[in-house]
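**Student:** Here it is, the structure, as C-alpha cells.
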Amino acid sequence: MGKSPIVIIISAVCVVACVAAVTVGVSKFGHHGEASDNNGGGEHKLNSGTKAIQSICRPTRYKEACESTLRNSAGNTSDPKELVKTAFRVAKDEITKALERSRTIKAAKDDPRAAEGLEICKEVVGYAINDLERTVDSVGAFDISHFDDFLEDLRVWIGGAITYQEVCFEAFENSTSDAGTKMRSFFNVSRELSSNALNIITEAKSMLSYLDIPGFDLGSMGGGGGGDTVVHRRLLAAASKGMWVAGEMPAWVSDPKRKMMETPVGQLKADAVVAQDGSGQYKTIGEAIKLVPNGNPTPFIIYVKAGTYKEYITIEKKQINVILVGDGATKTIITGNKNFAAGVNTFRTSTVGVLGDGFMARDIGFENTAGAEGHQAVAIRVVSDLAILYKCAFTGYQDTLYAVRGRQFYRDCTVSGTIDFIFGDAQAVFQNCKLLVRKPGPNQQCMVTAQGRTEEKGPGGFVFQGCTITGEPDYMPVKAQYPAYLGRPWKEYSRTIFMNSNIDDTIMPAGWTEWRGNFALDTLFYAEYQNKGTGSDTSKRVKWAGIKTLTPQQAEEFTPAKLFVTADKWIPPSGVPYASGIFSGTA
C-alpha cells in the first residue's frame with residue numbers, strides 16, 4: 001500500500017523544519033567550515049551531509065525516522081534549500097495520488113458519520129498543504145535577522161499540521177464502521193515525524209550551537225528588519241498567494257485600515273455593508289463574503305448592521321484579512337443550530353467558520369441555539385492565524401468556541417456555555433473577557449475549557465488574563481447540582497493558565513476535573529496565578545502532577561509578548577486595547 005497523504009505531508013514538513021534550522025549555517029558558511037578537496041570530495045560531501053542530518057535529528061524522540069526521512073529525500077543534492085524544494089514537489093505530486101487512493105477506504109453505507117469523517121480528512125489535508133507551501137517559501141526567503149520570529153512561525157504552522165491530524169481522528173467520533181480505525185493507522189509514522197519536527201524547531205538554537213559553525217553568532221539574532229532584494233521579492237510573491245514568509249509580518253498587518261478596531265462605525269470605510277432592512281448593499285453576510293478576493297492583499301471590511309442573521313458563514317482559507325464589524329454583540333447576531341445530536345460532525349456544526357488568516361471581528365454576536373440537548377454545537381470555529389476578536393459574544397452550550405489552531409487574541413469578549421465551551425489547540429490569549437457558565441442538561445457537569453495540545457513542545461495553550469469567571473443567573477441556584485470546573489484535559493498535553501482573574505464560587509474547590517480516569521493528569525500543564533474571588537482559593541485544588549505553581553518569572557512567559565513572540569507586531573496595529581505583559585483587567 002502507498003503512503004497516506006498525511007504521512008507524505010508530515011514527512012515533507014519534517015524535512016522543511018529540519019533543514020530550515022541549519023539552512024543559514026550550511027549554505028552561508030559551507031559544511032562546518034571545511035574546505036572540500038579534489039580528491040575524495042564526494043566522500044567529504046557524504047560525510048558532512050550525514051553529520052548534518054545526525055546533528056539535526058539529535059533532539060528528536062524518533063531519531064531513526066528523522067534520519068531516514070532526510071536521507072531518502074536528499075537525492076544527489078547537498079544544497080539544503082534545493083532539498084526542501086524537491087521534498088515539497090515530490091510531496092505535492094504524491095499527495096494528489098494518495099488522495100485518490102484514500103477513496104478506496106469505504107465507509108459503511110449505513111454510517112454517514114464515517115462518510116463525513118472522510119470528507120473532513122480530505123479537507124484538513126488541504127489546509128496542511130497550504131501551510132507546507134508557505135513554509136517552503138519561508139525557507140527560500142529566510143533572513144537571519146528574524147530568526148526567533150521565523151522559528152515561531154514554523155512552530156505554529158507545523159503545530160497546525162499536527163492539529164489537523166487530530167481533527168481527522170475526531171471526525172470519526174461515534175462512527176460504526178472501521179474507516180476511522182484504518183485512517184488512524186495511517187498516522188503512525190506521521191505522528192513520529194511531526195513530533196520530531198516540533199522538537200527540532202524548539203531546539204534549533206541549541207542545535208546550531210552544537211554544529212559549531214564558524215562565524216555563526218546566535219547572540220546577534222533578533223527581530224530586526226532588513227533583508228536583500230531577493231528576500232523582498234519572495235515576500236511579495238508569497239503575499240500574492242495569500243501567504244507570508246516566516247519571520248516577516250505580512251504587509252496587511254500594518255495597513256491603516258486595520259486600525260478600525262478603534263474607529264467609530266460612522267467613520268468606517270467599509271468594502272461592503274450588510275443590512276436586513278435593505279439599507280445596505282446586501283441583505284446577507286454570505287453575499288458580502290463572496291466578494292472577498294483570494295489572497296486579499298488589503299483589509300476587507302464588512303459592516304453588518306443590527307439584526308439577527310440566520311445563516312451559516314465560512315470564510316475560506318484563501319480569504320485572508322477579513323474584518324467583520326457589527327453594531328454591538330447583542331445587536332448584530334449571527335445564529336444557527338447545527339449540532340452533533342442531529343447527525344452533524346462537531347467540526348461542521350459551527351455557525352461561523354473562519355479559515356483565512358488575519359481575521360478580525362468587532363461588536364458581533366456568534367450563536368448556536370441547539371441547546372444542551374444538541375450536545376456538541378459550535379458557535380464559531382476559528383482556524384485563522386493572527387486572529388483578533390474584540391467586544392464579541394460567543395453564545396452556546398457544549399463546545400461554543402472552537403479555537404482550532406494558530407495565534408488568536410480575544411479582548412473584552414463574552415463566552416457562555418456548559419461543557420468544554422472553549423476548546424481546541426490554538427495559542428489563544430483572552431484579556432478582560434467574561435466566561436459565563438450556563439445551566440446544562442440533566443446529569444451534566446460544566447467545564448470552561450478543554451484544551452487540546454497533543455505534543456509537549458507544541459505551541460498550543462489557553463491563557464486568561466484579567467478575566468471574570470462566573471455563572472449566568474439561571475445557573476447560580478443549581479450550581480451544586482451541576483458542578484463547574486476551570487477545565488479538563490482533552491488531549492495529553494493540555495495547557496491552560498488563569499492569571500490575575502476574578503473567579504467566583506461558580507467553580508468547585510477542586511478547580512479542575514478529569515477527562516477519563518488518569519488520562520493526562522501527569523502530562524497536562526494547568527496553572528493559576530494571582531487570581532482573586534471566592535472561587536480562587538487553591539488550597540483544595542486537585543493534586544495532580546500536571547498542576548503547576550508559577551513564579552513571577554514563569555508567569556511572564558505566558559503573557560502575549562512572550563507566548564506569541566510576535567504579539568507586539570500584529571496586535572497593536574489593530575487599535576484593539578492590549579497589554580503585552582501581566583494584566584489584571586479593567587473596571
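In the C-alpha cells, chains take letters A, B, ... by order of appearance, with residues numbered from 1 within each chain and ligands from 1 in the order shown.
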Do you know which residues are at most 10 Å from Ala527 in chain A counting only C-alpha atoms, after dropping those on the same chain fewer than 3 positions away, and could you put them as JSON, numbers by chain?
**Tutor:** {"A": [463, 495, 496, 497, 498, 499, 524, 546, 547, 548, 549, 550, 555]}
**Student:** With only C-alpha atoms as the basis for distance, which of A:Asn432, A:Ser580, A:Thr470, A:Thr566 is at the shortest distance from Gly533 in chain A?
**Tutor:**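 Smallest separation from Gly533 in chain A among the options: A:Thr470.
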**Student:** In Å, how far is it from CA of Ala579 in chain A to CA of Cys413 in chain A?
**Tutor:**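 These two atoms are separated by 15.1 Å.
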**Student:** Give me, please, the distance in Å between CA of Pro477 in chain A and CA of Gln398 in chain A, quoted to one decimal.
**Tutor:** 20.0 Å
**Student:** Which residues are close to Pro459 in chain A, i.e. within 12 Å by only C-alpha atoms, leaving aside same-chain residues fewer than 2 positions away? Reply as a PyMOL selection string.
**Tutor:** chain A and resi 151-163+198-199+201-202+405-408+425-428+451-457+461-462+493-496+558+562-565
**Student:** By how many Å are CA of Arg184 in chain A and CA of Phe169 in chain A apart?
**Tutor:**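 Computing the Euclidean distance for CA of Arg184 in chain A and CA of Phe169 in chain A yields 6.4 Å.
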**Student:** My list of candidates is A:Gly295, A:Gly343, A:Pro256, A:Pro489. Which is closest to Gly374 in chain A when distances are computed with only C-alpha atoms?
**Tutor:**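 Comparing A:Gly295, A:Gly343, A:Pro256, A:Pro489 against Gly374 in chain A, the winner is A:Gly343.
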**Student:** With only C-alpha atoms as the counted atoms, please give the residues lying no more than 9 Å from range 318-320 of chain A, apart from itself and same-chain residues fewer than 6 positions off, as number ranges by chain.
**Tutor:** A: 241-243, 289, 292-300, 355-359, 384
**Student:** Dump all heavy atoms for the selected residues as a tab-separated table (two decimals), in the first residue's frame?
**Tutor:**
```tsv
chain	number	residue	atom	x	y	z
A	241	LYS	N	0.06	35.16	-3.11
A	241	LYS	CA	-0.62	33.87	-2.99
A	241	LYS	C	-1.38	33.75	-1.67
A	241	LYS	O	-1.84	32.69	-1.30
A	241	LYS	CB	0.39	32.73	-3.11
A	241	LYS	CG	1.01	32.62	-4.50
A	241	LYS	CD	1.88	31.39	-4.62
A	241	LYS	CE	3.19	31.54	-3.89
A	241	LYS	NZ	4.09	30.39	-4.12
A	242	GLY	N	-1.51	34.87	-0.97
A	242	GLY	CA	-2.24	34.84	0.29
A	242	GLY	C	-1.43	34.22	1.41
A	242	GLY	O	-1.99	33.65	2.34
A	243	MET	N	-0.11	34.33	1.34
A	243	MET	CA	0.75	33.76	2.37
A	243	MET	C	1.65	34.87	2.90
A	243	MET	O	1.63	35.99	2.44
A	243	MET	CB	1.63	32.66	1.78
A	243	MET	CG	0.89	31.59	1.02
A	243	MET	SD	2.07	30.49	0.20
A	243	MET	CE	0.96	29.57	-0.85
A	289	ILE	N	-19.38	38.07	1.85
A	289	ILE	CA	-18.17	37.24	1.94
A	289	ILE	C	-17.70	36.81	0.55
A	289	ILE	O	-16.50	36.71	0.29
A	289	ILE	CB	-18.43	36.00	2.83
A	289	ILE	CG1	-18.69	36.41	4.28
A	289	ILE	CG2	-17.26	35.03	2.74
A	289	ILE	CD1	-17.53	37.06	4.97
A	292	VAL	N	-14.89	38.81	-1.21
A	292	VAL	CA	-13.51	38.84	-0.74
A	292	VAL	C	-12.64	38.06	-1.71
A	292	VAL	O	-12.84	36.86	-1.92
A	292	VAL	CB	-13.38	38.23	0.67
A	292	VAL	CG1	-11.93	38.29	1.14
A	292	VAL	CG2	-14.30	38.96	1.65
A	293	PRO	N	-11.64	38.71	-2.32
A	293	PRO	CA	-10.79	38.00	-3.28
A	293	PRO	C	-9.82	37.06	-2.57
A	293	PRO	O	-9.43	37.29	-1.41
A	293	PRO	CB	-10.04	39.14	-3.98
A	293	PRO	CG	-10.01	40.25	-2.98
A	293	PRO	CD	-11.29	40.14	-2.20
A	294	ASN	N	-9.43	36.00	-3.24
A	294	ASN	CA	-8.42	35.10	-2.70
A	294	ASN	C	-7.09	35.83	-2.57
A	294	ASN	O	-6.72	36.63	-3.43
A	294	ASN	CB	-8.24	33.87	-3.59
A	294	ASN	CG	-9.44	32.94	-3.53
A	294	ASN	OD1	-10.23	33.00	-2.59
A	294	ASN	ND2	-9.58	32.09	-4.52
A	295	GLY	N	-6.36	35.55	-1.49
A	295	GLY	CA	-5.08	36.22	-1.28
A	295	GLY	C	-5.24	37.71	-1.10
A	295	GLY	O	-4.36	38.49	-1.49
A	296	ASN	N	-6.34	38.10	-0.51
A	296	ASN	CA	-6.69	39.51	-0.36
A	296	ASN	C	-5.52	40.33	0.20
A	296	ASN	O	-5.11	40.13	1.35
A	296	ASN	CB	-7.90	39.60	0.59
A	296	ASN	CG	-8.43	40.99	0.73
A	296	ASN	OD1	-8.54	41.71	-0.24
A	296	ASN	ND2	-8.76	41.37	1.95
A	297	PRO	N	-4.95	41.29	-0.56
A	297	PRO	CA	-3.74	41.99	-0.12
A	297	PRO	C	-3.99	43.12	0.88
A	297	PRO	O	-3.07	43.58	1.55
A	297	PRO	CB	-3.16	42.53	-1.42
A	297	PRO	CG	-4.36	42.77	-2.28
A	297	PRO	CD	-5.33	41.66	-1.93
A	298	THR	N	-5.22	43.61	0.97
A	298	THR	CA	-5.54	44.70	1.89
A	298	THR	C	-6.76	44.31	2.73
A	298	THR	O	-7.54	43.44	2.34
A	298	THR	CB	-5.86	45.99	1.12
A	298	THR	OG1	-6.98	45.77	0.25
A	298	THR	CG2	-4.66	46.45	0.29
A	299	PRO	N	-6.94	44.93	3.89
A	299	PRO	CA	-8.09	44.58	4.72
A	299	PRO	C	-9.41	44.75	3.97
A	299	PRO	O	-9.62	45.73	3.25
A	299	PRO	CB	-7.99	45.58	5.88
A	299	PRO	CG	-6.55	45.96	5.93
A	299	PRO	CD	-6.09	45.95	4.51
A	300	PHE	N	-10.30	43.75	4.13
A	300	PHE	CA	-11.62	43.80	3.52
A	300	PHE	C	-12.63	43.91	4.66
A	300	PHE	O	-12.87	42.95	5.39
A	300	PHE	CB	-11.88	42.55	2.68
A	300	PHE	CG	-13.07	42.66	1.77
A	300	PHE	CD1	-12.91	43.02	0.43
A	300	PHE	CD2	-14.35	42.44	2.25
A	300	PHE	CE1	-14.00	43.13	-0.41
A	300	PHE	CE2	-15.45	42.56	1.42
A	300	PHE	CZ	-15.28	42.90	0.08
A	355	LEU	N	-11.42	30.40	8.37
A	355	LEU	CA	-10.19	29.71	7.98
A	355	LEU	C	-9.08	30.68	7.58
A	355	LEU	O	-7.92	30.44	7.83
A	355	LEU	CB	-10.48	28.75	6.82
A	355	LEU	CG	-11.63	27.76	7.05
A	355	LEU	CD1	-11.88	26.95	5.79
A	355	LEU	CD2	-11.32	26.85	8.22
A	356	GLY	N	-9.44	31.77	6.90
A	356	GLY	CA	-8.44	32.70	6.39
A	356	GLY	C	-7.70	33.43	7.50
A	356	GLY	O	-8.30	33.89	8.47
A	357	ASP	N	-6.38	33.54	7.35
A	357	ASP	CA	-5.55	34.20	8.35
A	357	ASP	C	-5.83	35.70	8.42
A	357	ASP	O	-6.33	36.31	7.48
A	357	ASP	CB	-4.07	33.97	8.04
A	357	ASP	CG	-3.65	32.53	8.24
A	357	ASP	OD1	-4.32	31.81	9.00
A	357	ASP	OD2	-2.66	32.11	7.61
A	358	GLY	N	-5.49	36.28	9.56
A	358	GLY	CA	-5.66	37.72	9.74
A	358	GLY	C	-7.08	38.16	9.98
A	358	GLY	O	-7.40	39.34	9.83
A	359	PHE	N	-7.96	37.25	10.38
A	359	PHE	CA	-9.37	37.60	10.61
A	359	PHE	C	-9.51	38.50	11.82
A	359	PHE	O	-8.82	38.34	12.82
A	359	PHE	CB	-10.18	36.32	10.83
A	359	PHE	CG	-11.60	36.55	11.26
A	359	PHE	CD1	-12.55	36.98	10.35
A	359	PHE	CD2	-11.98	36.33	12.58
A	359	PHE	CE1	-13.87	37.19	10.75
A	359	PHE	CE2	-13.28	36.53	12.99
A	359	PHE	CZ	-14.23	36.97	12.07
A	384	SER	N	-8.09	30.59	11.87
A	384	SER	CA	-7.27	31.71	11.43
A	384	SER	C	-6.06	31.95	12.33
A	384	SER	O	-6.18	31.93	13.56
A	384	SER	CB	-8.13	32.98	11.38
A	384	SER	OG	-7.35	34.12	11.07
```
**Student:** Calculated over only C-alpha atoms, which of the candidates A:Leu389, A:Thr538, A:Glu492, A:Val404 has the smallest distance to Ala520 in chain A?
**Tutor:**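 Ranked by minimum distance to Ala520 in chain A, first place goes to A:Glu492.
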**Student:** From the list A:Glu123, A:Asp110, A:Ser501, A:Arg381, which residue is nearest Ser584 in chain A when using only C-alpha atoms?
**Tutor:**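 Counting only C-alpha atoms, the residue closest to Ser584 in chain A is A:Ser501.
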**Student:** Would you list the contacts of Cys121 in chain A as a count of residues only, taking every protein, DNA or RNA residue within 8 Å and counting only C-alpha atoms, but skipping same-chain residues closer than 6 positions in sequence?
**Tutor:** 4
**Student:** Which residues are near Ile323 in chain A? Cut-off 12 Å, only C-alpha atoms, ignore same chain within fewer than 6 positions. Put them as JSON, numbers by chain.
**Tutor:** {"A": [252, 257, 258, 259, 260, 261, 268, 269, 270, 271, 272, 273, 285, 288, 289, 292, 296, 298, 299, 300, 301, 302, 303, 304, 315, 354, 356, 357, 358, 359, 360, 361, 362, 363, 364, 387, 388, 389, 390, 574]}
**Student:** Run DSSP on the backbone and give me the residues of range 223-468 of chain A it puts in strand (DSSP E or B), as a PyMOL selection string.
**Tutor:** chain A and resi 272-274+282+300-304+307-310+313-315+322-325+332-336+352-354+360-362+365-368+376+380-382+387-390+393-395+398+401-403+407-411+414-417+422-424+427-431+434-437+446-451+461-465+468
